[in-house]
Each structure stands twice: as C-alpha cells, then as structure tokens.
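Text of final.cif (mmCIF, C-alpha atoms) as supplied:
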```
data_structure
#
loop_
_atom_site.label_atom_id
_atom_site.label_comp_id
_atom_site.auth_asym_id
_atom_site.auth_seq_id
_atom_site.Cartn_x
_atom_site.Cartn_y
_atom_site.Cartn_z
CA MET E 297 -120.44 44.13 -7.31
CA SER E 298 -122.41 41.38 -5.56
CA SER E 299 -122.16 38.89 -8.42
CA ILE E 300 -120.63 38.61 -11.86
CA ARG E 301 -121.83 37.47 -15.25
CA ALA E 302 -120.08 34.61 -17.02
CA VAL E 303 -120.57 33.20 -20.52
CA VAL E 304 -120.89 29.45 -20.00
CA ALA E 305 -121.17 26.55 -22.47
CA HIS E 306 -123.13 23.63 -21.04
CA GLY E 307 -123.21 21.49 -24.18
CA ALA E 308 -123.82 21.64 -27.90
CA GLY E 309 -126.17 24.55 -28.58
CA ASP E 310 -126.48 25.39 -24.88
CA LEU E 311 -124.86 28.76 -24.15
CA ARG E 312 -125.86 30.75 -21.06
CA VAL E 313 -124.98 34.02 -19.40
CA GLU E 314 -124.98 33.07 -15.72
CA GLN E 315 -124.67 34.91 -12.43
CA ARG E 316 -121.77 33.67 -10.32
CA GLU E 317 -120.00 34.64 -7.14
CA VAL E 318 -117.30 37.28 -7.43
CA PRO E 319 -113.96 35.42 -7.44
CA VAL E 320 -111.38 36.50 -4.87
CA PRO E 321 -107.65 36.23 -5.63
CA GLY E 322 -105.46 34.16 -3.36
CA PRO E 323 -101.74 34.53 -2.68
CA GLY E 324 -99.85 35.12 -5.93
CA GLU E 325 -103.03 35.91 -7.85
CA VAL E 326 -104.63 38.99 -9.36
CA ALA E 327 -108.28 39.74 -10.11
CA VAL E 328 -108.82 41.47 -13.45
CA GLU E 329 -111.99 43.41 -14.14
CA VAL E 330 -112.63 42.35 -17.73
CA ARG E 331 -113.53 44.99 -20.30
CA TYR E 332 -113.33 43.12 -23.61
CA GLY E 333 -113.27 39.46 -24.51
CA GLY E 334 -112.85 38.21 -28.06
CA ILE E 335 -114.91 35.31 -29.40
CA CYS E 336 -112.52 32.70 -30.79
CA GLY E 337 -113.14 29.79 -33.13
CA SER E 338 -112.70 27.39 -30.21
CA ASP E 339 -115.46 29.21 -28.31
CA LEU E 340 -117.73 28.75 -31.31
CA HIS E 341 -116.93 25.04 -31.45
CA TYR E 342 -117.78 24.51 -27.77
CA TRP E 343 -121.05 26.40 -28.31
CA ARG E 344 -122.09 24.63 -31.53
CA HIS E 345 -120.66 21.14 -31.05
CA GLY E 346 -119.85 20.79 -27.36
CA ALA E 347 -116.26 20.03 -28.31
CA VAL E 348 -113.09 21.27 -29.97
CA GLY E 349 -111.52 18.36 -31.77
CA GLU E 350 -111.02 15.62 -29.19
CA PHE E 351 -111.72 17.96 -26.25
CA ARG E 352 -115.35 17.42 -25.19
CA LEU E 353 -117.30 19.27 -22.53
CA ARG E 354 -117.65 17.18 -19.40
CA GLU E 355 -118.79 20.04 -17.19
CA PRO E 356 -120.02 23.63 -17.72
CA LEU E 357 -117.19 25.74 -19.12
CA VAL E 358 -116.73 29.50 -18.92
CA LEU E 359 -115.49 30.35 -22.41
CA GLY E 360 -112.91 32.83 -23.56
CA HIS E 361 -109.16 33.41 -23.59
CA GLU E 362 -108.80 36.74 -25.45
CA ILE E 363 -109.05 38.98 -22.41
CA VAL E 364 -108.17 42.59 -21.53
CA GLY E 365 -109.28 44.76 -18.65
CA HIS E 366 -108.00 46.49 -15.51
CA VAL E 367 -106.35 45.25 -12.33
CA ARG E 368 -109.12 45.03 -9.72
CA GLN E 369 -107.50 43.37 -6.70
CA ALA E 370 -104.30 41.60 -5.69
CA GLY E 371 -104.23 38.54 -3.48
CA PRO E 372 -102.68 38.59 0.01
CA GLY E 373 -98.95 39.30 -0.12
CA THR E 374 -98.96 39.45 -3.91
CA GLN E 375 -96.61 41.80 -5.73
CA ALA E 376 -98.81 43.10 -8.53
CA LEU E 377 -99.44 46.03 -10.82
CA PRO E 378 -101.26 49.02 -9.29
CA LEU E 379 -105.03 48.83 -9.11
CA GLY E 380 -106.67 50.18 -12.24
CA THR E 381 -103.72 49.36 -14.52
CA PRO E 382 -104.95 48.37 -18.01
CA VAL E 383 -103.73 44.84 -18.74
CA ALA E 384 -103.84 41.87 -21.07
CA VAL E 385 -104.03 38.32 -19.74
CA HIS E 386 -101.75 35.53 -20.95
CA PRO E 387 -104.03 32.47 -21.19
CA LEU E 388 -101.34 29.77 -20.92
CA ALA E 389 -100.43 27.96 -17.70
CA SER E 390 -97.41 25.71 -18.23
CA CYS E 391 -95.97 23.24 -15.73
CA GLY E 392 -92.46 24.68 -15.89
CA THR E 393 -90.85 21.30 -15.24
CA CYS E 394 -91.40 19.07 -18.28
CA ARG E 395 -88.84 18.67 -21.08
CA GLN E 396 -90.78 21.05 -23.34
CA CYS E 397 -90.78 23.83 -20.76
CA GLY E 398 -87.11 23.13 -20.08
CA ALA E 399 -86.40 23.61 -23.79
CA GLY E 400 -88.17 26.99 -23.82
CA ARG E 401 -91.28 25.62 -25.53
CA ARG E 402 -93.94 26.32 -22.95
CA ASN E 403 -96.63 26.43 -25.65
CA THR E 404 -96.09 22.68 -26.19
CA CYS E 405 -95.93 21.90 -22.45
CA LEU E 406 -96.86 18.31 -21.66
CA ASP E 407 -99.24 19.46 -18.91
CA ALA E 408 -100.44 22.85 -20.15
CA GLY E 409 -103.66 24.53 -19.17
CA TYR E 410 -105.34 27.20 -21.31
CA LEU E 411 -108.14 29.56 -20.36
CA GLY E 412 -111.53 28.35 -21.58
CA SER E 413 -110.35 24.85 -22.54
CA ALA E 414 -111.87 21.41 -21.97
CA ALA E 415 -108.58 19.66 -22.69
CA ARG E 416 -108.12 18.95 -18.97
CA ASP E 417 -110.45 17.48 -16.36
CA PRO E 418 -111.51 19.51 -14.48
CA HIS E 419 -111.68 22.07 -17.26
CA VAL E 420 -109.73 25.33 -17.20
CA GLN E 421 -112.42 27.97 -16.83
CA GLY E 422 -112.14 30.92 -19.17
CA GLY E 423 -112.27 34.70 -19.04
CA LEU E 424 -115.60 35.75 -20.58
CA ALA E 425 -116.77 37.04 -17.21
CA ASP E 426 -116.88 40.36 -15.39
CA VAL E 427 -113.95 39.33 -13.20
CA LEU E 428 -111.15 36.84 -13.89
CA VAL E 429 -108.57 35.62 -11.36
CA VAL E 430 -105.18 34.48 -12.69
CA PRO E 431 -101.60 34.20 -11.41
CA ALA E 432 -99.98 37.64 -11.22
CA GLU E 433 -97.19 36.73 -13.67
CA ARG E 434 -99.75 36.19 -16.42
CA VAL E 435 -101.01 39.78 -16.26
CA LEU E 436 -99.19 42.15 -18.65
CA PRO E 437 -99.53 45.94 -18.51
CA LEU E 438 -100.55 47.61 -21.75
CA PRO E 439 -98.10 50.04 -23.33
CA GLU E 440 -99.06 53.62 -22.59
CA GLY E 441 -101.71 54.87 -24.98
CA LEU E 442 -102.77 51.46 -26.33
CA ASP E 443 -106.55 51.37 -26.53
CA LEU E 444 -108.16 48.44 -24.69
CA ARG E 445 -110.35 47.65 -27.68
CA LEU E 446 -107.33 47.19 -29.96
CA ALA E 447 -105.44 45.37 -27.20
CA ALA E 448 -108.21 42.74 -27.22
CA LEU E 449 -106.59 41.45 -30.42
CA ALA E 450 -103.29 40.74 -28.67
CA GLU E 451 -103.95 37.07 -27.92
CA PRO E 452 -105.00 35.98 -31.45
CA ALA E 453 -102.37 38.31 -32.92
CA SER E 454 -99.76 36.49 -30.82
CA VAL E 455 -100.89 33.20 -32.37
CA ALA E 456 -100.33 34.77 -35.79
CA TRP E 457 -97.01 36.33 -34.73
CA HIS E 458 -95.76 32.93 -33.57
CA ALA E 459 -96.73 31.34 -36.90
CA VAL E 460 -94.78 33.97 -38.80
CA ARG E 461 -91.83 33.38 -36.48
CA GLN E 462 -92.03 29.67 -37.34
CA ALA E 463 -91.54 30.65 -40.97
CA GLY E 464 -88.18 32.30 -40.24
CA ASP E 465 -86.98 35.38 -42.08
CA VAL E 466 -89.84 36.50 -44.37
CA ARG E 467 -88.35 39.80 -45.52
CA GLY E 468 -89.09 40.34 -49.20
CA LYS E 469 -90.59 36.89 -49.65
CA ARG E 470 -93.69 35.89 -51.59
CA VAL E 471 -96.21 34.42 -49.17
CA LEU E 472 -99.51 32.55 -49.58
CA VAL E 473 -102.02 32.65 -46.70
CA THR E 474 -105.03 30.33 -46.92
CA GLY E 475 -108.04 31.46 -44.91
CA ALA E 476 -108.95 35.10 -44.20
CA GLY E 477 -110.68 34.62 -40.87
CA PRO E 478 -109.48 36.61 -37.84
CA ILE E 479 -106.30 34.53 -37.47
CA GLY E 480 -105.55 34.58 -41.20
CA CYS E 481 -105.95 38.35 -41.36
CA LEU E 482 -103.75 38.77 -38.29
CA VAL E 483 -101.16 36.54 -40.01
CA VAL E 484 -101.24 39.00 -42.91
CA ALA E 485 -100.73 41.92 -40.52
CA ALA E 486 -97.84 40.08 -38.82
CA LEU E 487 -96.27 39.28 -42.19
CA ARG E 488 -96.49 42.94 -43.17
CA ALA E 489 -94.84 43.91 -39.86
CA ALA E 490 -92.07 41.37 -40.53
CA GLY E 491 -91.30 42.78 -43.97
CA ALA E 492 -92.86 40.20 -46.29
CA GLY E 493 -93.02 41.17 -49.96
CA GLU E 494 -96.05 39.90 -51.89
CA ILE E 495 -98.85 38.45 -49.73
CA THR E 496 -101.59 36.49 -51.51
CA VAL E 497 -104.64 35.49 -49.46
CA THR E 498 -107.36 33.00 -50.33
CA ASP E 499 -110.85 32.54 -48.90
CA VAL E 500 -114.27 31.37 -50.01
CA HIS E 501 -115.96 34.69 -49.10
CA GLU E 502 -115.41 38.21 -50.44
CA GLU E 503 -115.92 40.01 -47.13
CA PRO E 504 -112.95 38.44 -45.27
CA LEU E 505 -110.75 39.10 -48.29
CA ALA E 506 -111.60 42.80 -48.02
CA VAL E 507 -110.30 42.74 -44.43
CA ALA E 508 -107.16 40.92 -45.61
CA ARG E 509 -106.52 43.72 -48.10
CA ALA E 510 -107.04 46.32 -45.38
CA VAL E 511 -104.31 44.77 -43.19
CA GLY E 512 -101.73 44.33 -45.94
CA ALA E 513 -102.55 41.65 -48.52
CA THR E 514 -101.20 42.58 -51.94
CA SER E 515 -103.57 40.23 -53.79
CA VAL E 516 -106.58 38.11 -52.89
CA VAL E 517 -108.18 35.07 -54.50
CA ARG E 518 -111.69 33.84 -53.90
CA VAL E 519 -111.69 30.06 -54.20
CA GLY E 520 -114.22 27.26 -54.21
CA SER E 521 -113.20 23.67 -53.60
CA GLU E 522 -110.19 24.03 -55.92
CA PRO E 523 -107.36 26.61 -55.79
CA ASP E 524 -108.62 28.62 -58.76
CA GLY E 525 -106.47 31.59 -59.74
CA LEU E 526 -103.31 30.31 -58.08
CA ASP E 527 -101.66 28.65 -61.07
CA GLY E 528 -98.03 29.60 -61.28
CA LEU E 529 -97.95 31.37 -57.91
CA ALA E 530 -94.86 29.48 -56.68
CA ALA E 531 -94.74 31.28 -53.34
CA ASP E 532 -91.65 31.05 -51.15
CA LEU E 533 -93.79 29.98 -48.21
CA ALA E 534 -97.40 29.42 -47.23
CA ILE E 535 -99.27 29.68 -43.95
CA GLU E 536 -102.42 27.57 -43.65
CA SER E 537 -104.88 29.32 -41.34
CA SER E 538 -108.27 28.05 -42.51
CA GLY E 539 -108.26 24.75 -40.62
CA ASN E 540 -109.56 23.08 -43.77
CA PRO E 541 -107.85 20.16 -45.57
CA ALA E 542 -108.46 21.94 -48.87
CA GLY E 543 -106.48 24.90 -47.54
CA LEU E 544 -103.55 22.66 -46.69
CA ARG E 545 -103.64 21.18 -50.20
CA THR E 546 -103.66 24.70 -51.64
CA CYS E 547 -100.54 25.50 -49.63
CA VAL E 548 -98.72 22.35 -50.76
CA TYR E 549 -99.32 23.16 -54.42
CA GLY E 550 -99.10 26.96 -54.00
CA VAL E 551 -95.47 27.04 -52.86
CA ASP E 552 -92.46 26.67 -55.11
CA ARG E 553 -90.28 23.56 -55.05
CA GLY E 554 -88.19 23.63 -51.90
CA GLY E 555 -90.78 25.89 -50.25
CA LEU E 556 -92.08 25.98 -46.69
CA VAL E 557 -95.62 25.30 -45.45
CA VAL E 558 -96.60 26.37 -41.92
CA GLY E 559 -99.66 24.59 -40.56
CA LEU E 560 -101.55 26.90 -38.18
CA GLY E 561 -105.29 26.21 -38.51
CA LEU E 562 -106.36 23.13 -36.55
CA LEU E 563 -107.79 20.52 -38.93
CA PRO E 564 -110.79 18.26 -38.16
CA PRO E 565 -110.08 15.50 -35.62
CA GLY E 566 -108.56 12.28 -36.85
CA ASP E 567 -106.05 11.69 -39.62
CA THR E 568 -106.17 14.19 -42.48
CA PRO E 569 -105.14 13.12 -45.98
CA VAL E 570 -102.08 15.05 -47.16
CA ALA E 571 -100.56 15.24 -50.64
CA ALA E 572 -97.49 13.50 -49.25
CA ASN E 573 -96.00 12.61 -52.62
CA ALA E 574 -96.01 16.27 -53.58
CA VAL E 575 -94.29 17.12 -50.30
CA ILE E 576 -91.62 14.53 -51.04
CA THR E 577 -91.02 15.08 -54.75
CA ARG E 578 -91.08 18.86 -54.45
CA GLU E 579 -88.83 18.77 -51.36
CA LEU E 580 -91.20 20.87 -49.28
CA ARG E 581 -90.80 21.58 -45.58
CA LEU E 582 -93.91 21.27 -43.42
CA VAL E 583 -93.87 22.67 -39.88
CA GLY E 584 -96.55 23.23 -37.27
CA SER E 585 -97.40 26.30 -35.23
CA PHE E 586 -99.36 26.00 -31.96
CA ARG E 587 -100.52 28.89 -29.79
CA PHE E 588 -97.62 31.10 -28.56
CA ASP E 589 -95.42 31.79 -25.55
CA THR E 590 -93.42 34.98 -25.08
CA GLU E 591 -94.87 36.78 -28.09
CA LEU E 592 -97.69 38.54 -26.18
CA GLY E 593 -95.48 41.36 -24.91
CA GLU E 594 -93.97 41.90 -28.37
CA VAL E 595 -97.41 42.01 -29.95
CA LEU E 596 -98.71 44.54 -27.42
CA ARG E 597 -95.81 46.82 -28.32
CA ALA E 598 -96.38 46.30 -32.06
CA LEU E 599 -100.06 47.15 -31.67
CA SER E 600 -99.14 50.26 -29.68
CA ASP E 601 -96.55 51.65 -32.10
CA GLY E 602 -98.58 50.89 -35.23
CA ARG E 603 -96.29 48.21 -36.69
CA LEU E 604 -99.15 45.71 -36.51
CA PRO E 605 -102.05 47.16 -38.57
CA ALA E 606 -104.75 45.05 -36.93
CA ASP E 607 -107.67 47.41 -36.25
CA PRO E 608 -109.69 46.42 -39.39
CA VAL E 609 -109.92 42.86 -37.99
CA ILE E 610 -112.42 44.02 -35.34
CA SER E 611 -115.76 43.93 -37.11
CA SER E 612 -118.22 44.21 -34.19
CA VAL E 613 -118.34 45.02 -30.48
CA LEU E 614 -121.49 43.91 -28.67
CA PRO E 615 -122.46 44.14 -24.98
CA VAL E 616 -122.65 40.98 -22.90
CA SER E 617 -126.43 41.38 -22.81
CA ARG E 618 -126.34 40.46 -26.53
CA THR E 619 -124.08 37.43 -26.17
CA ASP E 620 -126.32 35.11 -28.22
CA GLU E 621 -126.34 37.61 -31.08
CA ALA E 622 -122.58 38.07 -30.81
CA PHE E 623 -121.91 34.33 -31.08
CA ARG E 624 -124.26 33.95 -34.04
CA LEU E 625 -122.54 36.85 -35.77
CA ALA E 626 -119.06 35.47 -35.07
CA ALA E 627 -120.13 32.16 -36.60
CA GLU E 628 -120.86 33.80 -39.97
CA PRO E 629 -117.57 34.61 -41.70
CA ALA E 630 -119.36 36.34 -44.55
CA ARG E 631 -120.72 38.90 -42.04
CA SER E 632 -117.97 39.28 -39.47
CA CYS E 633 -114.29 38.98 -38.67
CA LYS E 634 -113.40 39.39 -34.97
CA VAL E 635 -116.37 39.96 -32.65
CA LEU E 636 -115.72 41.35 -29.16
CA LEU E 637 -117.94 41.17 -26.09
CA ASP E 638 -117.98 44.39 -24.06
CA PHE E 639 -118.49 43.90 -20.32
CA ALA E 640 -118.84 47.63 -19.60
CA ASP E 641 -122.61 47.83 -20.01
CA PRO E 642 -125.13 48.92 -17.34
CA ALA E 643 -125.65 45.37 -16.08
CA THR E 644 -122.16 45.47 -14.59
CA ALA E 645 -123.06 48.13 -12.05
#
```

Rendering of file as structure tokens:
Amino acid sequence: MSSIRAVVAHGAGDLRVEQREVPVPGPGEVAVEVRYGGICGSDLHYWRHGAVGEFRLREPLVLGHEIVGHVRQAGPGTQALPLGTPVAVHPLASCGTCRQCGAGRRNTCLDAGYLGSAARDPHVQGGLADVLVVPAERVLPLPEGLDLRLAALAEPASVAWHAVRQAGDVRGKRVLVTGAGPIGCLVVAALRAAGAGEITVTDVHEEPLAVARAVGATSVVRVGSEPDGLDGLAADLAIESSGNPAGLRTCVYGVDRGGLVVGLGLLPPGDTPVAANAVITRELRLVGSFRFDTELGEVLRALSDGRLPADPVISSVLPVSRTDEAFRLAAEPARSCKVLLDFADPATA
C-alpha cells in the first residue's frame, strides 16, 4: 500500500476522498487497517455546514469515529494485539489528570479529544481512512465470532448504552424515546437489553419507526410539530435522541409527574427554550448524557451474544468509491438509518 484514501471535509459542501501517505505508528501506537466506518450525524454536519454546533472547521478534517478493522502494525516496543486481530477503536482521548478523569468521568474530560472532531485546534483527525493510527490502549479486540459489519455499530451503540445507564434501573418501566434515527433506534435496542417494559418511539418519518419496531419498540407514533398520539402516555422516563427542541418538549410532557428525562441528542447551538415551569411543577428530573467511556467493551459483548438486537439499524453499506452517494443517503432519514463505508474495495489494493 503506497498511499491511503481518506474522507476529508474542507468546508461546507466540500467533501473529498484524498490520497495521503500511509501513517506509521510510533511507540505505544497501533495502526489499524480500517474495514468499516459508520457515517455519524456529526460527520454530516461537518460536510453540510462546516461545523457541529460551535465547533467550526479551521483546517481540513478527516471525518469518522465509528471504526472497526484489523491490527496492521504495532509501533516500536509497543505491546499490542497480534497482527490481523479484528478490533474496534475507542475514539476518546482523555487527559487522565483533570478532576473529571479523576472522578471516573473521562467522557466529560476537560481536555478531551475525539476522532474526527474540530473541537480542538489543531483538529483531531478521524478514522474514515484505509489506515488509522491510535494509542494501543484504545484498540479493543472483538469477541470471537462477532462480525465486523455488526461491530461497526459498537461506537454509536455505546452512546445509546451510556444514555440508558444514565436512566438507572429501567427494568419493567414504560419508556418514551423521541427520534428514531440511528442513535434513537440503538437506544431502543439498549433499553430492550436492559429489560425495559413498554417502549414508545416517536419520529416524523415512517421508515425510521419501522426500524425502531424491528429492534424492540412496542409502539410507535408518527408526529408532526406537536406530540400527536401521546396524550395520557405518562411514561416513567424519556430519552430525547432527536436533537430537536420539539423532541425535548415531547419528553417533558410525555413523562409522568416525578418522571425522568435524559437529554441525549445535541440541540442547536445557543440557548434552547425549555418548558421549565412544567419541569418544576411536575417535579421532573432532567439529566444529560454525553458520549461514553467504558461501555464499548460491554457493548461489543452484547452485540456478540445477541443481547443487543442492533443489526436492523444498518440500512446500507457502500464502498469508499461511492462516498458522495453514501453521505447523501445518510442525510435522508426517510431513506436510511445507519450507512457504513466499506474500505475493502479494489481501490485498496
């Protein structure tokens, strides 16, 4: 391999598949030959808007943080998994020294870096490339028999798993999930794995709701701008995964008095109006959920043993040569759920 391909965002509407030098791991690092990379909502935002919230592109950024592949090479003196081992990559680099890391909350590290993110300057380059180099401790072996294609869901599924963990014990509870995109559907799968009772899912499109049913939703509601069909739901808890203020409002009014709302979907930048009086008078609890930390290993095992019924979330797998098409497809929720890029096409040779 004399060069590699990388999927690079240069600005709003400017997405390129570029040839780059093959990266070489240094001491303590491992090179992973990437097989699949999932297209995330943040990748779509960098492509369409040149930014995710307040994080704006200031230099070309290799996208992607949902990465699986095989160990290709270990850096000098590095204790690593055997070459060829199928692995998933943990995208988070935490400082290990701040008060958040000290409290076991590396996902809220004060100086965190995340693959494919413009939050820092220089940016943290991502993993949508033929080869990715990362610290060896962030490379996790797949459980025996776990298919790489299904393992590509491990990163977003860990985000969902963490959100369910933030909700506490969900066994037998009635749950509302707003938004049936890839994360919302993986939240449903994680809730099912955790023993939730009734799971109601809302979305504005029929197609995502069909996926939600396939992964464990007991009822679905197609909504417009108002939470039609949710009168009297009085759920024990709600998880907002749409990233839309209307979804958060639906959660606030969809839970019973004394209920819990977990905010997972990132809302538009700036201050978002919240039905604060309803939160107060109904004695609701509102908590946030951001990324994940140690959940990746648990999720890989749950995918392997079938506890996490996530396969229906993968709607399309396209080769890197069709990256533009893949991004356009991923941006249409009525046509797709999770879209994967496959790096094992002839151009890799």

Which region 559-640 of chain E residues have any atom within 10 Å of an atom of region 407-424 of chain E, and for each, what is the nearest pair of atoms with distance in Å to one decimal, counting all atoms listed in the file, rows sorted by chain and number, as a Markdown table?
```
| residue | atom | partner | partner_atom | distance |
| --- | --- | --- | --- | --- |
| E:Arg587 | CA | E:Tyr410 | CA | 9.9 |
| E:Val616 | CA | E:Leu424 | CA | 9.1 |
| E:Leu637 | CA | E:Leu424 | CA | 8.1 |
| E:Asp638 | CA | E:Leu424 | CA | 9.6 |
| E:Phe639 | CA | E:Leu424 | CA | 8.7 |
```

Create the file for the chosen residues now, containing C-alpha atoms and written as a PDB file, in the coordinates of the input.
```pdb
ATOM      1  CA  ARG E 587    -100.520  28.890 -29.790  1.00  0.00           C
ATOM      2  CA  VAL E 616    -122.650  40.980 -22.900  1.00  0.00           C
ATOM      3  CA  LEU E 637    -117.940  41.170 -26.090  1.00  0.00           C
ATOM      4  CA  ASP E 638    -117.980  44.390 -24.060  1.00  0.00           C
ATOM      5  CA  PHE E 639    -118.490  43.900 -20.320  1.00  0.00           C
TER       6      PHE E 639
END
```

Inset, instruction - Excluding Ala456 (chain E) and residues on its chain fewer than 6 positions from it, collect all residues at most 12 Å away from it, counting all atoms listed in the file, and give them as an NGL selection string. - result: :E and (449-450 or 462-463 or 473 or 477-490 or 535-537 or 558-561 or 585-589 or 591-592 or 595 or 604 or 606)

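Comparing E:Pro541, E:Gly491, E:Gly349, E:Gly334 by their smallest distance to Ala448 (chain E), the closest is E:Gly334 (using only C-alpha atoms).
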
Legend entry - Gap from CA of Ala399 (chain E) to CA of Gly464 (chain E) - Å, one decimal: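 Separating CA of Ala399 (chain E) from CA of Gly464 (chain E) is a distance of 18.7 Å.
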
Legend entry - Within 8 Å of Val429 (chain E) using all atoms listed in the file, minus same-chain residues under 5 positions, as a list in words: Pro319, Val320, Pro321, Glu325, Val326, Ala327 and Val328 of chain E

Go ahead and dump the residues you just picked, C-alpha atoms, as a compact mmCIF listing (two decimals), in the frame of the given file.
```txt
# COMPACT_ATOMS: atom_id res chain seq x y z
CA PRO E 319 -113.96 35.42 -7.44
CA VAL E 320 -111.38 36.50 -4.87
CA PRO E 321 -107.65 36.23 -5.63
CA GLU E 325 -103.03 35.91 -7.85
CA VAL E 326 -104.63 38.99 -9.36
CA ALA E 327 -108.28 39.74 -10.11
CA VAL E 328 -108.82 41.47 -13.45
```

Convert the output of the PyMOL selection byres ((chain E and resi 470) around 8) on the shown file into explicit residues, formatted as a PDB file with C-alpha atoms, in the frame of the given file.
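The file below, expr.pdb, is the result:
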```pdb
ATOM      1  CA  GLY E 468     -89.090  40.340 -49.200  1.00  0.00           C
ATOM      2  CA  LYS E 469     -90.590  36.890 -49.650  1.00  0.00           C
ATOM      3  CA  VAL E 471     -96.210  34.420 -49.170  1.00  0.00           C
ATOM      4  CA  LEU E 472     -99.510  32.550 -49.580  1.00  0.00           C
ATOM      5  CA  ALA E 492     -92.860  40.200 -46.290  1.00  0.00           C
ATOM      6  CA  GLY E 493     -93.020  41.170 -49.960  1.00  0.00           C
ATOM      7  CA  GLU E 494     -96.050  39.900 -51.890  1.00  0.00           C
ATOM      8  CA  ILE E 495     -98.850  38.450 -49.730  1.00  0.00           C
ATOM      9  CA  THR E 496    -101.590  36.490 -51.510  1.00  0.00           C
ATOM     10  CA  ALA E 531     -94.740  31.280 -53.340  1.00  0.00           C
ATOM     11  CA  ASP E 532     -91.650  31.050 -51.150  1.00  0.00           C
ATOM     12  CA  LEU E 533     -93.790  29.980 -48.210  1.00  0.00           C
TER      13      LEU E 533
END
```

Determine the residue set returned by the PyMOL selection byres ((chain E and resi 571-574) around 9) for the present structure, and present it as a compact mmCIF listing (two decimals) with C-alpha atoms, in the frame of the given file.
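Output file result39.txt is given in full below:
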```txt
# COMPACT_ATOMS: atom_id res chain seq x y z
CA LEU E 544 -103.55 22.66 -46.69
CA ARG E 545 -103.64 21.18 -50.20
CA VAL E 548 -98.72 22.35 -50.76
CA TYR E 549 -99.32 23.16 -54.42
CA PRO E 569 -105.14 13.12 -45.98
CA VAL E 570 -102.08 15.05 -47.16
CA VAL E 575 -94.29 17.12 -50.30
CA ILE E 576 -91.62 14.53 -51.04
CA THR E 577 -91.02 15.08 -54.75
CA ARG E 578 -91.08 18.86 -54.45
CA GLU E 579 -88.83 18.77 -51.36
CA LEU E 580 -91.20 20.87 -49.28
```

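With all atoms listed in the file as the atoms that count, the residue of E:Leu596, E:Ala425, E:Val460, E:Val511 with the shortest distance to Pro437 (chain E) is E:Leu596.
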
Inset, instruction - Given the file shown, determine the residues that the PyMOL selection byres ((chain E and resi 370) around 12) selects; report them as number ranges by chain. - result: E: 319-329, 366-369, 371-381, 428-433, 435

Selected region 579-594 of chain E, written as a PDB file, in the first residue's frame, N, CA, C and O atoms:
```pdb
ATOM      1  N   GLU E 579     -42.275  18.200  39.030  1.00  0.00           N
ATOM      2  CA  GLU E 579     -41.143  17.602  39.746  1.00  0.00           C
ATOM      3  C   GLU E 579     -40.395  16.582  38.885  1.00  0.00           C
ATOM      4  O   GLU E 579     -40.125  15.447  39.288  1.00  0.00           O
ATOM      5  N   LEU E 580     -40.043  17.014  37.687  1.00  0.00           N
ATOM      6  CA  LEU E 580     -39.289  16.147  36.787  1.00  0.00           C
ATOM      7  C   LEU E 580     -37.796  16.235  37.079  1.00  0.00           C
ATOM      8  O   LEU E 580     -37.303  17.234  37.594  1.00  0.00           O
ATOM      9  N   ARG E 581     -37.085  15.199  36.714  1.00  0.00           N
ATOM     10  CA  ARG E 581     -35.621  15.196  36.769  1.00  0.00           C
ATOM     11  C   ARG E 581     -35.094  15.216  35.341  1.00  0.00           C
ATOM     12  O   ARG E 581     -35.539  14.414  34.504  1.00  0.00           O
ATOM     13  N   LEU E 582     -34.163  16.105  35.073  1.00  0.00           N
ATOM     14  CA  LEU E 582     -33.590  16.257  33.738  1.00  0.00           C
ATOM     15  C   LEU E 582     -32.086  16.057  33.835  1.00  0.00           C
ATOM     16  O   LEU E 582     -31.402  16.802  34.535  1.00  0.00           O
ATOM     17  N   VAL E 583     -31.569  15.027  33.155  1.00  0.00           N
ATOM     18  CA  VAL E 583     -30.130  14.750  33.194  1.00  0.00           C
ATOM     19  C   VAL E 583     -29.597  14.651  31.775  1.00  0.00           C
ATOM     20  O   VAL E 583     -30.339  14.348  30.824  1.00  0.00           O
ATOM     21  N   GLY E 584     -28.315  14.916  31.627  1.00  0.00           N
ATOM     22  CA  GLY E 584     -27.680  14.833  30.321  1.00  0.00           C
ATOM     23  C   GLY E 584     -26.926  13.525  30.151  1.00  0.00           C
ATOM     24  O   GLY E 584     -26.611  12.823  31.109  1.00  0.00           O
ATOM     25  N   SER E 585     -26.645  13.211  28.882  1.00  0.00           N
ATOM     26  CA  SER E 585     -25.851  12.029  28.555  1.00  0.00           C
ATOM     27  C   SER E 585     -24.955  12.399  27.383  1.00  0.00           C
ATOM     28  O   SER E 585     -25.437  12.779  26.312  1.00  0.00           O
ATOM     29  N   PHE E 586     -23.620  12.261  27.578  1.00  0.00           N
ATOM     30  CA  PHE E 586     -22.658  12.716  26.567  1.00  0.00           C
ATOM     31  C   PHE E 586     -21.645  11.618  26.263  1.00  0.00           C
ATOM     32  O   PHE E 586     -20.917  11.166  27.149  1.00  0.00           O
ATOM     33  N   ARG E 587     -21.649  11.182  25.012  1.00  0.00           N
ATOM     34  CA  ARG E 587     -20.706  10.164  24.545  1.00  0.00           C
ATOM     35  C   ARG E 587     -20.745   8.931  25.458  1.00  0.00           C
ATOM     36  O   ARG E 587     -21.802   8.468  25.856  1.00  0.00           O
ATOM     37  N   PHE E 588     -19.557   8.393  25.842  1.00  0.00           N
ATOM     38  CA  PHE E 588     -19.473   7.196  26.671  1.00  0.00           C
ATOM     39  C   PHE E 588     -18.024   7.050  27.108  1.00  0.00           C
ATOM     40  O   PHE E 588     -17.138   7.785  26.660  1.00  0.00           O
ATOM     41  N   ASP E 589     -17.779   6.056  27.975  1.00  0.00           N
ATOM     42  CA  ASP E 589     -16.408   5.807  28.420  1.00  0.00           C
ATOM     43  C   ASP E 589     -16.096   4.324  28.332  1.00  0.00           C
ATOM     44  O   ASP E 589     -15.635   3.836  27.314  1.00  0.00           O
ATOM     45  N   THR E 590     -16.409   3.586  29.395  1.00  0.00           N
ATOM     46  CA  THR E 590     -16.031   2.173  29.457  1.00  0.00           C
ATOM     47  C   THR E 590     -17.044   1.246  28.785  1.00  0.00           C
ATOM     48  O   THR E 590     -16.834   0.034  28.733  1.00  0.00           O
ATOM     49  N   GLU E 591     -18.114   1.803  28.260  1.00  0.00           N
ATOM     50  CA  GLU E 591     -19.203   0.967  27.750  1.00  0.00           C
ATOM     51  C   GLU E 591     -18.849   0.194  26.483  1.00  0.00           C
ATOM     52  O   GLU E 591     -19.530  -0.779  26.135  1.00  0.00           O
ATOM     53  N   LEU E 592     -17.800   0.590  25.764  1.00  0.00           N
ATOM     54  CA  LEU E 592     -17.518  -0.033  24.460  1.00  0.00           C
ATOM     55  C   LEU E 592     -17.296  -1.541  24.587  1.00  0.00           C
ATOM     56  O   LEU E 592     -17.834  -2.320  23.788  1.00  0.00           O
ATOM     57  N   GLY E 593     -16.536  -1.971  25.575  1.00  0.00           N
ATOM     58  CA  GLY E 593     -16.313  -3.400  25.753  1.00  0.00           C
ATOM     59  C   GLY E 593     -17.593  -4.150  26.067  1.00  0.00           C
ATOM     60  O   GLY E 593     -17.834  -5.251  25.544  1.00  0.00           O
ATOM     61  N   GLU E 594     -18.439  -3.562  26.919  1.00  0.00           N
ATOM     62  CA  GLU E 594     -19.720  -4.189  27.250  1.00  0.00           C
ATOM     63  C   GLU E 594     -20.591  -4.325  26.012  1.00  0.00           C
ATOM     64  O   GLU E 594     -21.252  -5.351  25.805  1.00  0.00           O
TER      65      GLU E 594
END
```
